[in-house]
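Engineer: I have a structure I would like to understand better, so I am pasting it below and will then ask my questions one at a time.
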Amino acid sequence: MQWIRSLIFVVQMYLAMAVLAVWYIIPAIRSPKGAYDGIHTYCRYVRWSARWLVGLKTEIRGPVPTDEVLIASKHQSFLDIIMLCSVLPRPKFIMKKELKWAPILGWFALRIGCVPVDRGKRGAAIARMIEDVEKGAALPGQLIIYPQGTRVAPGVQRQYKVGSAVLYEQLGQDCVPAATNVGLFWARTGIYRKPGLAVLEFLPRIEAGLDRDTYMQRLEAEVETASNGLLAEAGFQLEFQ
């Protein structure tokens with residue numbers, strides 16, 4: 001029965017995306033604010049429908065950043081994107097360039113200032129990332145990067161990449177780390193959605209001006225510790241501990 005409910009949830013989620021994209025297309029063409037309004041509405045709807053259709057509650061912890069900051073977040077599934085975009089006033093992402101061709105998502109992402117990069121060319125990707133972010137300075141907001149570079153399943157260890165440290169240095173902004181346990185309930189792939197409480201937590205800021213090594217050490221330690229704590233809170237046993 002839970003699998004059937006999950007299937008219904010997934011189908012209606014993508015139908016809602018299409019409907020709201022049509023509804024907000026004119027406001028989004030007129031102004032990035034229209035695109036933000038559409039994204040906020042959709043993401044809040046997904047959180048609401050997940051609770052009522054599959055029993056998956058979502059909770060945001062910690063103070064939500066509203067100024068121009070870098071957010072370095074744990075990434076486990078599409079749900080952490082949904083949760084971030086439901087509460088951040090002006091979210092924009094460092095995203096793999098293939099996503100700009102995704103129907104609906106790609107156009108709206110570019111409209112709000114997301115930065116597509118080629119992950120296969122690391123040095124060029126970082127340089128382009130900084131250039132595009134600086135060009136987009138007229139659209140201040142919360143720039144989100146996933147420091148591990150991809151979705152990582154709960155309990156799996158994966159190296160933190162240097163991209164977020166380069167952005168942190170070049171932009172001269174505070175970094176807000178974010179931890180999560182959403183992968184326990186909404187996996188990277190598949191239809192099944194597990195009932196429970198998915199949490200995304202904004203952690204204390206890492207102030208601007210630290211050297212790269214200190215920043216990287218703090219970021220990984222704080223995000224991994226907090227994410228592991230959220231996993232444990234949900235009853236997940238970490239095999240590598």
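Just remember, in the structure tokens the first chain shown is A, the second B, etc., residues are 1-based per chain, and ligands are 1-based in the order shown.
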Sort by chain and increasing residue number a table of all residues of segment 52-129 of chain A within 9 Å of segment 173-195 of chain A, each with its closest pair of atoms and their distance in Å to one decimal, counting only C-alpha atoms, and write it as a tab-separated table.

Structural biologist:
residue	atom	partner	partner_atom	distance
A:Val54	CA	A:Pro195	CA	6.0
A:Gly55	CA	A:Pro195	CA	4.6
A:Leu56	CA	A:Pro195	CA	4.4
A:Lys57	CA	A:Pro195	CA	7.4
A:Thr58	CA	A:Val182	CA	8.7
A:Pro65	CA	A:Val176	CA	7.7
A:Glu68	CA	A:Gln173	CA	7.5
A:Val69	CA	A:Asp174	CA	5.6
A:Leu70	CA	A:Cys175	CA	4.6
A:Ile71	CA	A:Val176	CA	4.7
A:Ala72	CA	A:Pro177	CA	4.8
A:Ser73	CA	A:Ala178	CA	4.4
A:Lys74	CA	A:Ala179	CA	5.3
A:His75	CA	A:Thr180	CA	7.7
A:Gln76	CA	A:Gly183	CA	4.9
A:Ser77	CA	A:Arg188	CA	4.7
A:Phe78	CA	A:Arg188	CA	7.2
A:Leu79	CA	A:Val182	CA	6.5
A:Asp80	CA	A:Val182	CA	6.5

Engineer: Write out as JSON, numbers by chain each polymer residue whose atoms come within 12 Å of Ser31 of chain A, counting only C-alpha atoms; drop sequence neighbours fewer than 3 positions from it.

Structural biologist: {"A": [24, 25, 26, 27, 28, 34, 35, 36, 37, 38, 108, 111, 112, 113, 139]}

Engineer: Tell me, which residues of chain A carry DSSP alpha helix (DSSP H), written as a short mmCIF file (atom, residue, chain, number, x, y, z; two decimals) with C-alpha atoms, in the first residue's frame?

Structural biologist:
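out.cif, written as the output of this step:
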data_model
loop_
_atom_site.label_atom_id
_atom_site.label_comp_id
_atom_site.auth_asym_id
_atom_site.auth_seq_id
_atom_site.Cartn_x
_atom_site.Cartn_y
_atom_site.Cartn_z
CA GLN A 2 2.83 2.44 0.80
CA TRP A 3 4.35 1.79 -2.62
CA ILE A 4 1.01 2.60 -4.32
CA ARG A 5 0.70 5.80 -2.27
CA SER A 6 4.27 6.66 -3.25
CA LEU A 7 3.47 6.17 -6.92
CA ILE A 8 0.43 8.44 -6.64
CA PHE A 9 2.54 11.04 -4.87
CA VAL A 10 5.26 10.99 -7.54
CA VAL A 11 2.78 11.25 -10.41
CA GLN A 12 0.87 14.16 -8.90
CA MET A 13 4.13 15.88 -7.94
CA TYR A 14 5.24 16.09 -11.57
CA LEU A 15 1.75 17.00 -12.76
CA ALA A 16 1.76 19.85 -10.25
CA MET A 17 5.13 20.98 -11.60
CA ALA A 18 3.70 21.23 -15.12
CA VAL A 19 0.54 23.02 -13.98
CA LEU A 20 2.39 25.57 -11.85
CA ALA A 21 4.99 26.14 -14.57
CA VAL A 22 2.20 27.18 -16.94
CA TRP A 23 0.57 29.31 -14.23
CA TYR A 24 3.78 31.17 -13.41
CA ILE A 25 5.37 31.34 -16.87
CA ILE A 26 4.23 34.90 -17.63
CA PRO A 27 5.24 36.30 -14.20
CA ALA A 28 8.58 34.51 -14.56
CA ILE A 29 9.19 36.02 -18.00
CA ARG A 30 8.41 39.47 -16.66
CA PRO A 32 12.88 36.76 -11.69
CA LYS A 33 10.53 37.43 -8.79
CA GLY A 34 7.81 35.61 -10.71
CA ALA A 35 10.11 32.62 -11.08
CA TYR A 36 10.90 32.66 -7.37
CA ASP A 37 7.20 32.83 -6.54
CA GLY A 38 6.53 29.78 -8.70
CA ILE A 39 9.41 27.82 -7.18
CA HIS A 40 8.37 28.68 -3.61
CA THR A 41 4.76 27.67 -4.31
CA TYR A 42 5.75 24.38 -5.89
CA CYS A 43 8.24 23.37 -3.21
CA ARG A 44 5.84 24.16 -0.38
CA TYR A 45 3.14 22.17 -2.17
CA VAL A 46 5.44 19.14 -2.50
CA ARG A 47 6.22 19.25 1.22
CA TRP A 48 2.49 19.48 2.03
CA SER A 49 1.49 16.68 -0.36
CA ALA A 50 4.29 14.40 0.90
CA ARG A 51 2.90 14.68 4.41
CA TRP A 52 -0.68 13.90 3.43
CA LEU A 53 -0.11 11.27 0.72
CA VAL A 54 2.84 9.24 2.04
CA PHE A 78 15.64 15.76 -4.64
CA LEU A 79 13.88 16.38 -1.32
CA ASP A 80 16.72 18.46 0.15
CA ILE A 81 16.50 20.71 -2.93
CA ILE A 82 12.75 21.03 -2.37
CA MET A 83 13.25 21.92 1.29
CA LEU A 84 15.95 24.50 0.63
CA CYS A 85 13.91 26.21 -2.08
CA SER A 86 10.77 26.22 0.04
CA VAL A 87 12.29 28.53 2.68
CA LEU A 105 13.34 22.83 -14.23
CA GLY A 106 16.12 24.02 -16.50
CA TRP A 107 14.43 27.23 -17.65
CA PHE A 108 13.24 28.24 -14.19
CA ALA A 109 16.71 27.46 -12.76
CA LEU A 110 18.41 29.75 -15.26
CA ARG A 111 15.77 32.43 -14.68
CA ARG A 122 37.31 20.67 -12.80
CA GLY A 123 39.61 23.69 -13.20
CA ALA A 124 37.59 25.26 -15.99
CA ALA A 125 34.37 24.55 -14.09
CA ILE A 126 35.59 26.41 -11.01
CA ALA A 127 36.79 29.39 -13.06
CA ARG A 128 33.48 29.55 -14.92
CA MET A 129 31.62 29.15 -11.66
CA ILE A 130 33.32 32.19 -10.14
CA GLU A 131 32.92 34.26 -13.30
CA ASP A 132 29.21 33.51 -13.61
CA VAL A 133 28.57 34.11 -9.92
CA GLU A 134 30.32 37.48 -10.08
CA LYS A 135 28.30 38.43 -13.18
CA GLY A 163 34.79 23.97 -5.34
CA SER A 164 32.97 25.35 -2.32
CA ALA A 165 36.28 26.50 -0.77
CA VAL A 166 37.21 28.36 -3.96
CA LEU A 167 33.83 30.11 -4.00
CA TYR A 168 34.14 30.88 -0.29
CA GLU A 169 37.52 32.55 -0.88
CA GLN A 170 36.61 34.43 -4.04
CA LEU A 171 33.20 35.70 -2.98
CA ARG A 212 41.09 27.16 2.62
CA ASP A 213 42.27 24.25 4.77
CA THR A 214 40.58 25.56 7.90
CA TYR A 215 37.36 26.16 5.99
CA MET A 216 37.36 22.68 4.45
CA GLN A 217 38.05 21.00 7.78
CA ARG A 218 35.29 22.91 9.55
CA LEU A 219 32.77 22.40 6.77
CA GLU A 220 33.21 18.65 6.51
CA ALA A 221 33.36 18.09 10.25
CA GLU A 222 30.28 20.18 10.99
CA VAL A 223 28.10 18.92 8.12
CA GLU A 224 29.00 15.26 8.61
CA THR A 225 28.62 15.37 12.38
CA ALA A 226 25.24 17.07 12.19
CA SER A 227 24.00 14.84 9.36
CA ASN A 228 25.06 11.71 11.24
CA GLY A 229 23.23 13.02 14.29
CA LEU A 230 20.05 13.47 12.25
CA LEU A 231 20.43 9.94 10.85
CA ALA A 232 20.83 8.54 14.35
CA GLU A 233 17.81 10.53 15.53
#

Engineer: Give me every strand (DSSP E) residue in segment 14-170 of chain A, going by DSSP on the backbone, as an MDAnalysis selection string.

Structural biologist: chainID A and resid 56:61 69:73 91:96 115:117 142:145

Engineer: Residues as selected, N, CA and C atoms, written as a PDB file, in the first residue's frame, can you do that?

Structural biologist:
ATOM      1  N   LEU A  56       5.144  11.534   4.959  1.00  0.00           N
ATOM      2  CA  LEU A  56       6.509  12.047   5.098  1.00  0.00           C
ATOM      3  C   LEU A  56       6.453  13.516   5.514  1.00  0.00           C
ATOM      4  N   LYS A  57       6.736  13.762   6.789  1.00  0.00           N
ATOM      5  CA  LYS A  57       6.781  15.125   7.309  1.00  0.00           C
ATOM      6  C   LYS A  57       8.168  15.714   7.059  1.00  0.00           C
ATOM      7  N   THR A  58       8.230  17.020   6.930  1.00  0.00           N
ATOM      8  CA  THR A  58       9.508  17.696   6.727  1.00  0.00           C
ATOM      9  C   THR A  58       9.649  18.829   7.731  1.00  0.00           C
ATOM     10  N   GLU A  59      10.882  19.027   8.187  1.00  0.00           N
ATOM     11  CA  GLU A  59      11.128  20.055   9.203  1.00  0.00           C
ATOM     12  C   GLU A  59      12.420  20.803   8.889  1.00  0.00           C
ATOM     13  N   ILE A  60      12.364  22.121   8.973  1.00  0.00           N
ATOM     14  CA  ILE A  60      13.547  22.972   8.823  1.00  0.00           C
ATOM     15  C   ILE A  60      14.004  23.401  10.211  1.00  0.00           C
ATOM     16  N   ARG A  61      15.281  23.210  10.495  1.00  0.00           N
ATOM     17  CA  ARG A  61      15.845  23.625  11.779  1.00  0.00           C
ATOM     18  C   ARG A  61      16.929  24.679  11.560  1.00  0.00           C
ATOM     19  N   VAL A  69      24.634  34.900   1.028  1.00  0.00           N
ATOM     20  CA  VAL A  69      25.593  33.978   1.624  1.00  0.00           C
ATOM     21  C   VAL A  69      25.792  32.778   0.710  1.00  0.00           C
ATOM     22  N   LEU A  70      26.853  32.044   1.002  1.00  0.00           N
ATOM     23  CA  LEU A  70      27.099  30.755   0.367  1.00  0.00           C
ATOM     24  C   LEU A  70      26.538  29.672   1.273  1.00  0.00           C
ATOM     25  N   ILE A  71      25.755  28.759   0.720  1.00  0.00           N
ATOM     26  CA  ILE A  71      25.218  27.648   1.498  1.00  0.00           C
ATOM     27  C   ILE A  71      25.832  26.353   0.969  1.00  0.00           C
ATOM     28  N   ALA A  72      26.526  25.643   1.830  1.00  0.00           N
ATOM     29  CA  ALA A  72      27.150  24.362   1.469  1.00  0.00           C
ATOM     30  C   ALA A  72      26.360  23.251   2.145  1.00  0.00           C
ATOM     31  N   SER A  73      25.596  22.510   1.360  1.00  0.00           N
ATOM     32  CA  SER A  73      24.621  21.584   1.924  1.00  0.00           C
ATOM     33  C   SER A  73      24.936  20.124   1.597  1.00  0.00           C
ATOM     34  N   PRO A  91      16.960  31.470  -3.600  1.00  0.00           N
ATOM     35  CA  PRO A  91      17.952  30.410  -3.787  1.00  0.00           C
ATOM     36  C   PRO A  91      18.431  30.322  -5.233  1.00  0.00           C
ATOM     37  N   LYS A  92      19.704  30.034  -5.392  1.00  0.00           N
ATOM     38  CA  LYS A  92      20.249  29.693  -6.710  1.00  0.00           C
ATOM     39  C   LYS A  92      21.349  28.669  -6.498  1.00  0.00           C
ATOM     40  N   PHE A  93      21.551  27.826  -7.497  1.00  0.00           N
ATOM     41  CA  PHE A  93      22.405  26.661  -7.336  1.00  0.00           C
ATOM     42  C   PHE A  93      23.603  26.678  -8.275  1.00  0.00           C
ATOM     43  N   ILE A  94      24.677  26.051  -7.822  1.00  0.00           N
ATOM     44  CA  ILE A  94      25.721  25.583  -8.712  1.00  0.00           C
ATOM     45  C   ILE A  94      25.257  24.209  -9.180  1.00  0.00           C
ATOM     46  N   MET A  95      24.957  24.051 -10.468  1.00  0.00           N
ATOM     47  CA  MET A  95      24.352  22.809 -10.954  1.00  0.00           C
ATOM     48  C   MET A  95      25.118  22.280 -12.162  1.00  0.00           C
ATOM     49  N   LYS A  96      25.041  20.973 -12.387  1.00  0.00           N
ATOM     50  CA  LYS A  96      25.686  20.404 -13.562  1.00  0.00           C
ATOM     51  C   LYS A  96      24.975  20.920 -14.810  1.00  0.00           C
ATOM     52  N   VAL A 115      23.834  28.559 -11.731  1.00  0.00           N
ATOM     53  CA  VAL A 115      25.076  28.579 -12.493  1.00  0.00           C
ATOM     54  C   VAL A 115      25.403  27.177 -12.985  1.00  0.00           C
ATOM     55  N   PRO A 116      25.238  26.895 -14.295  1.00  0.00           N
ATOM     56  CA  PRO A 116      25.582  25.563 -14.807  1.00  0.00           C
ATOM     57  C   PRO A 116      27.087  25.437 -15.048  1.00  0.00           C
ATOM     58  N   VAL A 117      27.667  24.323 -14.627  1.00  0.00           N
ATOM     59  CA  VAL A 117      29.094  24.086 -14.833  1.00  0.00           C
ATOM     60  C   VAL A 117      29.314  22.665 -15.331  1.00  0.00           C
ATOM     61  N   GLN A 142      20.962  33.516  -2.062  1.00  0.00           N
ATOM     62  CA  GLN A 142      21.642  32.455  -1.340  1.00  0.00           C
ATOM     63  C   GLN A 142      22.159  31.438  -2.370  1.00  0.00           C
ATOM     64  N   LEU A 143      23.467  31.423  -2.556  1.00  0.00           N
ATOM     65  CA  LEU A 143      24.088  30.543  -3.547  1.00  0.00           C
ATOM     66  C   LEU A 143      24.352  29.180  -2.909  1.00  0.00           C
ATOM     67  N   ILE A 144      23.739  28.144  -3.455  1.00  0.00           N
ATOM     68  CA  ILE A 144      23.810  26.806  -2.880  1.00  0.00           C
ATOM     69  C   ILE A 144      24.771  25.940  -3.682  1.00  0.00           C
ATOM     70  N   ILE A 145      25.683  25.293  -2.981  1.00  0.00           N
ATOM     71  CA  ILE A 145      26.580  24.339  -3.611  1.00  0.00           C
ATOM     72  C   ILE A 145      26.597  23.072  -2.780  1.00  0.00           C
TER      73      ILE A 145
END

Engineer: Tell me, in Å to one decimal, how far atom CA of Leu203 of chain A is from atom CA of Pro147 of chain A.

Structural biologist: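 Distance between the two atoms: 14.9 Å.
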
Engineer: What is the distance, in Å and to one decimal place, between atom CA of Pro89 of chain A and atom CA of Gly62 of chain A?

Structural biologist: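 So the two atoms, atom CA of Pro89 of chain A and atom CA of Gly62 of chain A, lie 15.2 Å apart.
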
Engineer: What is the distance between atom CA of Gly235 of chain A and atom CA of Arg151 of chain A, in Å to one decimal?

Structural biologist: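 Atom-to-atom, atom CA of Gly235 of chain A to atom CA of Arg151 of chain A, that is 20.8 Å.
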